[in-house]
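Asks: Here it is, the structure, as C-alpha cells.
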Amino acid sequence: MAGFNVTPEALGDCNRRGGFTHTYYNDYEIVADNLFKADHRRVSDRIAAYALYTDPPLGRCGMTDAEIRNSGRHALAVKHPMSRVGRAIEKGETNGFIKISVDAESKQILGAAILGTGGDEVIHVLLDVMYAKAPYTVIERAMHIHPTVAEFLPTVLSRLEPFAQEEVNVLTEKCLAARASIG
Ligand SMILES: Cc1cc2nc3c(=O)[nH]c(=O)nc-3n(C[C@H](O)[C@H](O)[C@H](O)COP(=O)(O)OP(=O)(O)OC[C@H]3O[C@@H](n4cnc5c(N)ncnc54)[C@H](O)[C@@H]3O)c2cc1C
C-alpha cells in the first residue's frame, strides 16, 4: 500500500491523488494488485493525464511547463500548429496545436498537450511511451497510419528545440502588468 498517504481504504477522489474516473479506477487496480497479486504497484508511478472535451478537445499528460522549468533539467520542446497537420486540414478543424517536451539527456517525454481534433485520443500514443520509459526516438522512427493526427507525431518530434526557460518570466511580467493596470 506504499504510495498512499492515507489509509488503504481511501480510494478515489478522497485521497486527493486525482479527481477523475480514471484515477479512482487506477487506485482500485493498484490496491487489488498489491493485495491479491503481490504486484508492488505505486500510485506515485502514475503519470498525470486528463482530457477536456472542448471543441477542439485537449489531451494532456505529464509535467507542465512550470514543473519542467522548476525541475531545472535540460529539456527540449516543440509546438506544432494543427493548421499544419494533414488530417486536421482534411476535416476543416485546424484550431489548436501539438506541444511536446522531452528530457534532453534521457530523451524521455516529460509532458505533452494536444489541443486539436482527436487530441484526447492521440495523447495516449505519448502517454504509453512515457509509461514504457522509452525515448521519444521510438516514436520518431515509427511508421504511423495515414491520414491520422498521430501520423504527424514523428515529424513533430524531429523539430525539437531548446525549451524556453524564460517564458514563465515573460508571462509573469505580462500578468503583473495586467494586474497593475486593473489597479
Ligand atoms: C458531473 C460530473 C461529471 C464528471 N465527468 C467526468 C469525466 O468525464 N471524466 C472523469 O474522469 N471524471 C469525471 N468526473 C469525476 C468522477 O466522476 C469522479 O472523479 C469519480 O466518480 C470519483 O470516484 P470515487 O469513487 O472517488 O467517488 P464517487 O464516485 O463519488 O463514489 C463515492 C461513493 O461513496 C458513497 N458514500 C459517500 N459517503 C458515504 C458514507 N458515509 N457511507 C457510505 N457510502 C458513502 C457515495 O454515495 C458514492 O457512491 C465527473 C464528476 C461529475 C460530478
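All residue names refer to the C-alpha cells as shown: chains lettered A, B, ... in order, residues numbered from 1 in each chain, ligands numbered from 1 in order.
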Please extract the residues at most 6 Å from ligand 1, counting only C-alpha atoms and all ligand atoms, and provide them as a ChimeraX atom specification, using the chain letters and residue numbers of this document.
Replies: /A:12-14,19-22,24
Asks: Do a neighbour search on A:His124 at 10 Å with only C-alpha atoms, toss out local chain neighbours closer than 5 positions, and write the hits as a list of chain:residue names.
Replies: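 Answer for this query is A:Ala49, A:Gly59, A:Arg60, A:Cys61, A:Gly119, A:Val129, A:Met130, A:Ala150.
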Asks: Looking at only C-alpha atoms, which of A:Asn15, A:Thr137, A:Thr117, A:Thr23 is the one that sits closest to A:Val156?
Replies: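 Between A:Asn15, A:Thr137, A:Thr117, A:Thr23, the residue approaching A:Val156 most closely is A:Thr137.
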Asks: So, counting only C-alpha atoms, which residue among A:Leu35, A:Ile100, A:Leu115, A:Ile109 is closest to A:Ala132?
Replies: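 Between A:Leu35, A:Ile100, A:Leu115, A:Ile109, the residue approaching A:Ala132 most closely is A:Ile109.
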Asks: Among stretch 24-134 of chain A, which ones does DSSP assign to strand (DSSP E or B) (computed from the backbone)? Answer as an MDAnalysis selection string.
Replies: chainID A and resid 49:52 58:62 75:81 97:103 108:115
Asks: Keeping only C-alpha atoms, write the selected residues to a file as a PDB file, in the first residue's frame.
Replies:
ATOM      1  CA  ALA A  49      -3.282  12.670 -17.574  1.00  0.00           C
ATOM      2  CA  TYR A  50      -6.619  14.183 -18.423  1.00  0.00           C
ATOM      3  CA  ALA A  51      -8.733  15.484 -21.268  1.00  0.00           C
ATOM      4  CA  LEU A  52     -11.011  18.449 -21.727  1.00  0.00           C
ATOM      5  CA  LEU A  58      -7.471  18.886 -25.194  1.00  0.00           C
ATOM      6  CA  GLY A  59      -5.405  15.838 -24.262  1.00  0.00           C
ATOM      7  CA  ARG A  60      -2.778  16.395 -21.545  1.00  0.00           C
ATOM      8  CA  CYS A  61      -0.185  14.215 -19.892  1.00  0.00           C
ATOM      9  CA  GLY A  62       2.916  14.520 -17.751  1.00  0.00           C
ATOM     10  CA  ALA A  75      14.757  19.996 -21.811  1.00  0.00           C
ATOM     11  CA  LEU A  76      13.724  20.268 -25.443  1.00  0.00           C
ATOM     12  CA  ALA A  77      10.283  21.241 -26.685  1.00  0.00           C
ATOM     13  CA  VAL A  78       8.254  21.640 -29.844  1.00  0.00           C
ATOM     14  CA  LYS A  79       4.939  23.332 -30.557  1.00  0.00           C
ATOM     15  CA  HIS A  80       3.322  22.495 -33.879  1.00  0.00           C
ATOM     16  CA  PRO A  81       0.104  24.120 -35.156  1.00  0.00           C
ATOM     17  CA  PHE A  97      -1.532  22.702 -31.572  1.00  0.00           C
ATOM     18  CA  ILE A  98       0.607  19.758 -30.569  1.00  0.00           C
ATOM     19  CA  LYS A  99       3.141  20.551 -27.858  1.00  0.00           C
ATOM     20  CA  ILE A 100       5.695  18.042 -26.558  1.00  0.00           C
ATOM     21  CA  SER A 101       8.572  18.415 -24.088  1.00  0.00           C
ATOM     22  CA  VAL A 102      11.367  15.881 -23.643  1.00  0.00           C
ATOM     23  CA  ASP A 103      14.384  15.470 -21.389  1.00  0.00           C
ATOM     24  CA  GLN A 108      12.162  10.555 -22.383  1.00  0.00           C
ATOM     25  CA  ILE A 109       8.959  12.508 -22.879  1.00  0.00           C
ATOM     26  CA  LEU A 110       8.301  14.825 -19.945  1.00  0.00           C
ATOM     27  CA  GLY A 111       4.918  16.222 -20.880  1.00  0.00           C
ATOM     28  CA  ALA A 112       2.584  16.918 -23.762  1.00  0.00           C
ATOM     29  CA  ALA A 113      -0.550  18.766 -24.738  1.00  0.00           C
ATOM     30  CA  ILE A 114      -2.582  18.123 -27.849  1.00  0.00           C
ATOM     31  CA  LEU A 115      -5.241  20.758 -28.312  1.00  0.00           C
TER      32      LEU A 115
END
Asks: What residues in stretch 11-174 of chain A get the DSSP label helix (DSSP H, G or I)? Please answer as number ranges by chain.
Replies: A: 12-15, 21-36, 43-45, 65-71, 82-84, 86-91, 119-131, 137-140, 150-157, 167-174
Asks: Restricting the output to C-alpha atoms, write the selected residues as a CSV table (one decimal), in the first residue's frame.
Replies:
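Printed below is selection_27.csv as written:
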chain,number,residue,atom,x,y,z
A,12,GLY,CA,-10.7,7.7,-5.3
A,13,ASP,CA,-11.2,11.4,-5.1
A,14,CYS,CA,-11.0,11.4,-1.2
A,15,ASN,CA,-7.2,10.6,-1.3
A,21,THR,CA,-12.9,8.4,-13.1
A,22,HIS,CA,-9.6,7.0,-14.5
A,23,THR,CA,-7.7,7.9,-11.3
A,24,TYR,CA,-10.2,6.3,-8.9
A,25,TYR,CA,-10.2,3.1,-11.1
A,26,ASN,CA,-6.4,3.2,-11.2
A,27,ASP,CA,-6.4,3.4,-7.4
A,28,TYR,CA,-8.5,0.3,-7.2
A,29,GLU,CA,-6.3,-1.6,-9.6
A,30,ILE,CA,-3.2,-0.7,-7.6
A,31,VAL,CA,-4.7,-1.8,-4.3
A,32,ALA,CA,-6.1,-5.0,-5.8
A,33,ASP,CA,-2.8,-5.9,-7.4
A,34,ASN,CA,-0.9,-5.3,-4.1
A,35,LEU,CA,-3.4,-7.3,-2.2
A,36,PHE,CA,-4.0,-10.2,-4.5
A,43,VAL,CA,0.2,5.5,-7.0
A,44,SER,CA,3.4,7.6,-7.3
A,45,ASP,CA,4.2,5.8,-10.5
A,65,ASP,CA,5.9,23.8,-18.4
A,66,ALA,CA,6.2,25.3,-15.0
A,67,GLU,CA,7.1,21.9,-13.5
A,68,ILE,CA,9.8,21.4,-16.1
A,69,ARG,CA,11.3,24.8,-15.5
A,70,ASN,CA,11.3,24.3,-11.8
A,71,SER,CA,12.9,20.9,-12.1
A,82,MET,CA,-2.8,21.9,-36.1
A,83,SER,CA,-3.1,24.1,-39.2
A,84,ARG,CA,-0.1,22.1,-40.5
A,86,GLY,CA,-3.0,16.9,-42.8
A,87,ARG,CA,-5.9,15.2,-41.0
A,88,ALA,CA,-6.9,18.5,-39.3
A,89,ILE,CA,-6.9,20.3,-42.7
A,90,GLU,CA,-8.9,17.5,-44.3
A,91,LYS,CA,-11.5,17.7,-41.5
A,119,GLY,CA,-6.3,15.3,-29.2
A,120,ASP,CA,-8.0,13.4,-26.4
A,121,GLU,CA,-7.2,10.1,-28.2
A,122,VAL,CA,-3.8,10.9,-29.8
A,123,ILE,CA,-2.3,11.9,-26.4
A,124,HIS,CA,-2.2,8.2,-25.5
A,125,VAL,CA,0.5,7.5,-28.0
A,126,LEU,CA,2.8,9.7,-26.0
A,127,LEU,CA,1.4,8.6,-22.6
A,128,ASP,CA,2.1,4.9,-23.3
A,129,VAL,CA,5.7,5.7,-24.4
A,130,MET,CA,6.1,7.6,-21.2
A,131,TYR,CA,5.0,4.6,-19.1
A,137,THR,CA,13.0,8.5,-30.8
A,138,VAL,CA,10.9,5.3,-30.7
A,139,ILE,CA,8.0,7.4,-32.0
A,140,GLU,CA,10.2,9.4,-34.3
A,150,ALA,CA,-0.9,10.6,-34.9
A,151,GLU,CA,1.0,10.1,-38.1
A,152,PHE,CA,2.4,13.6,-37.6
A,153,LEU,CA,4.0,12.9,-34.2
A,154,PRO,CA,7.3,11.6,-35.7
A,155,THR,CA,7.6,14.8,-37.8
A,156,VAL,CA,6.7,17.0,-34.8
A,157,LEU,CA,9.4,15.2,-32.7
A,167,GLU,CA,8.7,32.0,-20.9
A,168,VAL,CA,7.3,32.0,-17.4
A,169,ASN,CA,9.1,35.2,-16.6
A,170,VAL,CA,7.6,36.9,-19.7
A,171,LEU,CA,4.1,35.7,-18.8
A,172,THR,CA,4.6,36.6,-15.2
A,173,GLU,CA,5.6,40.1,-16.2
A,174,LYS,CA,2.6,40.4,-18.5
Asks: In Å, rounded to a single decimal, give me how far atom CA of A:Thr148 is from atom CA of A:Tyr53.
Replies: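 Between atom CA of A:Tyr53 and atom CA of A:Thr148 the gap works out to 19.2 Å.
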Asks: Counting only C-alpha atoms, which residue out of A:Ala48, A:Gly96, A:His146, A:Tyr136 sits closest to A:Ser158?
Replies: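 Of the candidates, the smallest distance to A:Ser158 is held by A:Tyr136.
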Asks: Work out how far atom CA of A:Asp55 is from atom CA of A:Asn95, in Å to one decimal.
Replies: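 Atom-to-atom, atom CA of A:Asn95 and atom CA of A:Asp55 are spaced 8.9 Å apart.
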Asks: What does the distance from atom CA of A:Ala104 to atom CA of A:Arg73 come to in Å, to one decimal?
Replies: 8.2 Å
